Amino acid sequence: MEPFSRLSSHLVPIDRDNVDTDAILPKQYMAMITREGFGEFLFDSWRYRETGAPGRDNSGRTPQADFALNNPAYAGARILLARKNFGCGSSREHAVWALAQYGIRALIAPSFADIFYGNCMKNGILPVRLPAHAVDRMFETIAVTGRLELTVDLPSQQVIEASGAAIAFDIDAMHKSSLLQGLDDIGRILAESSDALQAMRARRLAEEPWLLKK
């Protein structure tokens, strides 16, 4: 998992409450059997007029002109701005894979669904909870200026605007440490318990040497 420390980017705004994981990645793409290739289907049913499907040539579909991901002003954005309860619905981790593989590394919203929030942390995406009035102001700025640049600084736990104004955010100490080090759950266990795991392996092999036999 790529470590997360400090990220500067313009924002792509998804101005809707209660965006569920089926909207983030429609259910038909759950049939894909690898963990790769989901990014091109992020918000698929909102991005295109025609319904897509895995294994089909989807290249000829018509983009929805008024959807943010199809707006050239937001191309390349690595921070997604959302409304309350982002990531609600089913617990599918594929939705987070789609965000990550599209290039999103941080989310800003007033609130996130709990399981979705945890899945973000396991996949190197930082979900930042900010007060609703701060999020409102960001949406308003984008509506007026067309673009908003921010820096998300994890070590200081701040979202920093171009003017230098900063908004603090909270994050659990374990999640912060895992993102800074680029460790998912398995990586953290291996890093923190390496000596204990090696000792257990040596003990098991001493007590049950047949484990080495093919």
# chains A, B, ... in the order shown; residues from 1 in each chain; ligands from 1

call {"tool": "residues_around", "arguments": {"residues": "region 105-115 of chain A", "least_positions_apart": "6", "cutoff": "7 Å", "atoms": "only C-alpha atoms", "output": "ChimeraX atom specification"}}
result
/A:78-88,91,124-132,135

call {"tool": "residues_around", "arguments": {"residues": "region 66-72 of chain A", "least_positions_apart": "5", "cutoff": "8 Å", "atoms": "only C-alpha atoms", "output": "JSON, numbers by chain"}}
result
{"A": [12, 13, 14, 46, 47]}

call {"tool": "write_last_selection", "arguments": {"atoms": "N, CA and C atoms", "output": "mmCIF file, in the first residue's frame"}}
result
data_model
loop_
_atom_site.group_PDB
_atom_site.id
_atom_site.type_symbol
_atom_site.label_atom_id
_atom_site.label_comp_id
_atom_site.auth_asym_id
_atom_site.auth_seq_id
_atom_site.Cartn_x
_atom_site.Cartn_y
_atom_site.Cartn_z
ATOM 1 N N VAL A 12 -12.626 17.172 -7.153
ATOM 2 C CA VAL A 12 -13.747 16.843 -8.027
ATOM 3 C C VAL A 12 -14.985 16.751 -7.129
ATOM 4 N N PRO A 13 -16.022 17.556 -7.403
ATOM 5 C CA PRO A 13 -17.183 17.605 -6.497
ATOM 6 C C PRO A 13 -18.301 16.642 -6.899
ATOM 7 N N ILE A 14 -18.758 15.855 -5.946
ATOM 8 C CA ILE A 14 -19.936 14.998 -6.140
ATOM 9 C C ILE A 14 -20.990 15.538 -5.180
ATOM 10 N N TRP A 46 -23.636 6.851 -13.545
ATOM 11 C CA TRP A 46 -23.812 8.306 -13.561
ATOM 12 C C TRP A 46 -22.954 8.960 -14.657
ATOM 13 N N ARG A 47 -21.909 8.254 -15.063
ATOM 14 C CA ARG A 47 -20.995 8.829 -16.062
ATOM 15 C C ARG A 47 -21.496 8.660 -17.485
#

call {"tool": "residues_around", "arguments": {"residues": "Gly146 (chain A)", "least_positions_apart": "3", "cutoff": "9 Å", "atoms": "only C-alpha atoms", "output": "ChimeraX atom specification"}}
result
/A:73-74,141-143

call {"tool": "write_last_selection", "arguments": {"atoms": "N, CA and C atoms", "output": "JSON list (two decimals), in the first residue's frame"}}
result
[["chain", "number", "residue", "atom", "x", "y", "z"],
["A", 73, "ALA", "N", -12.48, 20.26, -16.33],
["A", 73, "ALA", "CA", -11.91, 21.08, -15.25],
["A", 73, "ALA", "C", -11.50, 20.23, -14.05],
["A", 74, "TYR", "N", -12.09, 19.06, -13.92],
["A", 74, "TYR", "CA", -11.80, 18.22, -12.77],
["A", 74, "TYR", "C", -10.92, 17.01, -13.13],
["A", 141, "THR", "N", -17.42, 27.53, -3.41],
["A", 141, "THR", "CA", -16.24, 28.08, -4.09],
["A", 141, "THR", "C", -16.08, 27.47, -5.47],
["A", 142, "ILE", "N", -16.26, 26.15, -5.55],
["A", 142, "ILE", "CA", -16.13, 25.49, -6.84],
["A", 142, "ILE", "C", -17.21, 25.98, -7.81],
["A", 143, "ALA", "N", -18.42, 26.18, -7.28],
["A", 143, "ALA", "CA", -19.50, 26.66, -8.15],
["A", 143, "ALA", "C", -19.21, 28.04, -8.72]]

call {"tool": "atom_distance", "arguments": {"atom1": "CA of Gln28 (chain A)", "atom2": "CA of Gly55 (chain A)"}}
result
10.6 Å

call {"tool": "closest_residue", "arguments": {"among": "A:Arg35, A:Arg204, A:Arg56, A:Arg16", "to": "Asn123 (chain A)", "atoms": "only C-alpha atoms"}}
result
A:Arg35

call {"tool": "atom_distance", "arguments": {"atom1": "CA of Pro63 (chain A)", "atom2": "CA of Arg49 (chain A)"}}
result
6.3 Å

call {"tool": "atom_distance", "arguments": {"atom1": "CA of Gly37 (chain A)", "atom2": "CA of Val19 (chain A)"}}
result
21.4 Å

call {"tool": "residues_around", "arguments": {"residues": "Pro3 (chain A)", "least_positions_apart": "6", "cutoff": "10 Å", "atoms": "only C-alpha atoms", "output": "mmCIF file with all heavy atoms, in the first residue's frame"}}
result
data_model
loop_
_atom_site.group_PDB
_atom_site.id
_atom_site.type_symbol
_atom_site.label_atom_id
_atom_site.label_comp_id
_atom_site.auth_asym_id
_atom_site.auth_seq_id
_atom_site.Cartn_x
_atom_site.Cartn_y
_atom_site.Cartn_z
ATOM 1 N N GLY A 124 -5.479 2.603 1.415
ATOM 2 C CA GLY A 124 -4.622 3.753 1.182
ATOM 3 C C GLY A 124 -5.328 5.038 0.823
ATOM 4 O O GLY A 124 -4.703 5.977 0.333
ATOM 5 N N ILE A 125 -6.647 5.116 1.051
ATOM 6 C CA ILE A 125 -7.398 6.343 0.807
ATOM 7 C C ILE A 125 -7.701 7.001 2.153
ATOM 8 O O ILE A 125 -8.145 6.335 3.093
ATOM 9 C CB ILE A 125 -8.714 6.052 0.060
ATOM 10 C CG1 ILE A 125 -8.415 5.564 -1.358
ATOM 11 C CG2 ILE A 125 -9.598 7.303 0.012
ATOM 12 C CD1 ILE A 125 -9.671 5.242 -2.161
ATOM 13 N N SER A 177 -1.225 6.120 11.647
ATOM 14 C CA SER A 177 0.067 5.442 11.570
ATOM 15 C C SER A 177 0.122 4.493 10.379
ATOM 16 O O SER A 177 1.118 4.437 9.652
ATOM 17 C CB SER A 177 0.315 4.680 12.878
ATOM 18 O OG SER A 177 1.492 3.908 12.781
ATOM 19 N N SER A 178 -0.967 3.749 10.143
ATOM 20 C CA SER A 178 -0.995 2.790 9.031
ATOM 21 C C SER A 178 -0.881 3.506 7.688
ATOM 22 O O SER A 178 -0.141 3.067 6.796
ATOM 23 C CB SER A 178 -2.293 1.976 9.071
ATOM 24 O OG SER A 178 -2.334 1.166 10.222
ATOM 25 N N LEU A 179 -1.588 4.622 7.521
ATOM 26 C CA LEU A 179 -1.519 5.356 6.263
ATOM 27 C C LEU A 179 -0.130 5.963 6.063
ATOM 28 O O LEU A 179 0.420 5.928 4.955
ATOM 29 C CB LEU A 179 -2.580 6.458 6.243
ATOM 30 C CG LEU A 179 -4.020 6.008 5.988
ATOM 31 C CD1 LEU A 179 -4.987 7.166 6.202
ATOM 32 C CD2 LEU A 179 -4.179 5.451 4.577
ATOM 33 N N LEU A 180 0.440 6.524 7.107
ATOM 34 C CA LEU A 180 1.763 7.132 6.980
ATOM 35 C C LEU A 180 2.818 6.097 6.589
ATOM 36 O O LEU A 180 3.747 6.391 5.837
ATOM 37 C CB LEU A 180 2.156 7.809 8.293
ATOM 38 C CG LEU A 180 1.426 9.114 8.629
ATOM 39 C CD1 LEU A 180 1.743 9.556 10.061
ATOM 40 C CD2 LEU A 180 1.826 10.219 7.648
ATOM 41 N N GLN A 181 2.652 4.878 7.104
ATOM 42 C CA GLN A 181 3.630 3.829 6.814
ATOM 43 C C GLN A 181 3.271 3.005 5.585
ATOM 44 O O GLN A 181 4.070 2.187 5.130
ATOM 45 C CB GLN A 181 3.742 2.891 8.025
ATOM 46 C CG GLN A 181 4.255 3.558 9.278
ATOM 47 C CD GLN A 181 4.322 2.568 10.432
ATOM 48 O OE1 GLN A 181 5.193 1.707 10.476
ATOM 49 N NE2 GLN A 181 3.387 2.686 11.368
ATOM 50 N N GLY A 182 2.039 3.198 5.071
ATOM 51 C CA GLY A 182 1.612 2.404 3.923
ATOM 52 C C GLY A 182 1.346 0.955 4.278
ATOM 53 O O GLY A 182 1.656 0.047 3.503
ATOM 54 N N LEU A 183 0.751 0.737 5.444
ATOM 55 C CA LEU A 183 0.509 -0.626 5.910
ATOM 56 C C LEU A 183 -0.992 -0.920 5.954
ATOM 57 O O LEU A 183 -1.745 -0.175 6.587
ATOM 58 C CB LEU A 183 1.084 -0.814 7.319
ATOM 59 C CG LEU A 183 2.603 -0.683 7.464
ATOM 60 C CD1 LEU A 183 2.993 -0.758 8.936
ATOM 61 C CD2 LEU A 183 3.316 -1.769 6.667
#

call {"tool": "residues_around", "arguments": {"residues": "Ala166 (chain A)", "least_positions_apart": "6", "cutoff": "10 Å", "atoms": "only C-alpha atoms", "output": "list in words"}}
result
Leu150, Thr151, Val152, Asp153, Gln157, Gln158, Val159 and Ile160 of chain A

call {"tool": "residues_around", "arguments": {"residues": "Val96 (chain A)", "least_positions_apart": "2", "cutoff": "10 Å", "atoms": "only C-alpha atoms", "output": "number ranges by chain"}}
result
A: 21, 24-25, 38-39, 42, 87, 91-94, 98-102, 104, 116-125

call {"tool": "select_by_dssp", "arguments": {"residues": "region 8-184 of chain A", "states": "helix (DSSP H, G or I)", "output": "ChimeraX atom specification"}}
result
/A:21-24,27-31,39-41,44-47,68-70,72-74,94-102,114-122,132-145,173-181

call {"tool": "select_by_dssp", "arguments": {"residues": "region 114-156 of chain A", "states": "strand (DSSP E)", "output": "list of chain:residue names"}}
result
A:Leu126, A:Pro127, A:Val128, A:Arg129, A:Glu149, A:Leu150, A:Thr151, A:Val152, A:Asp153
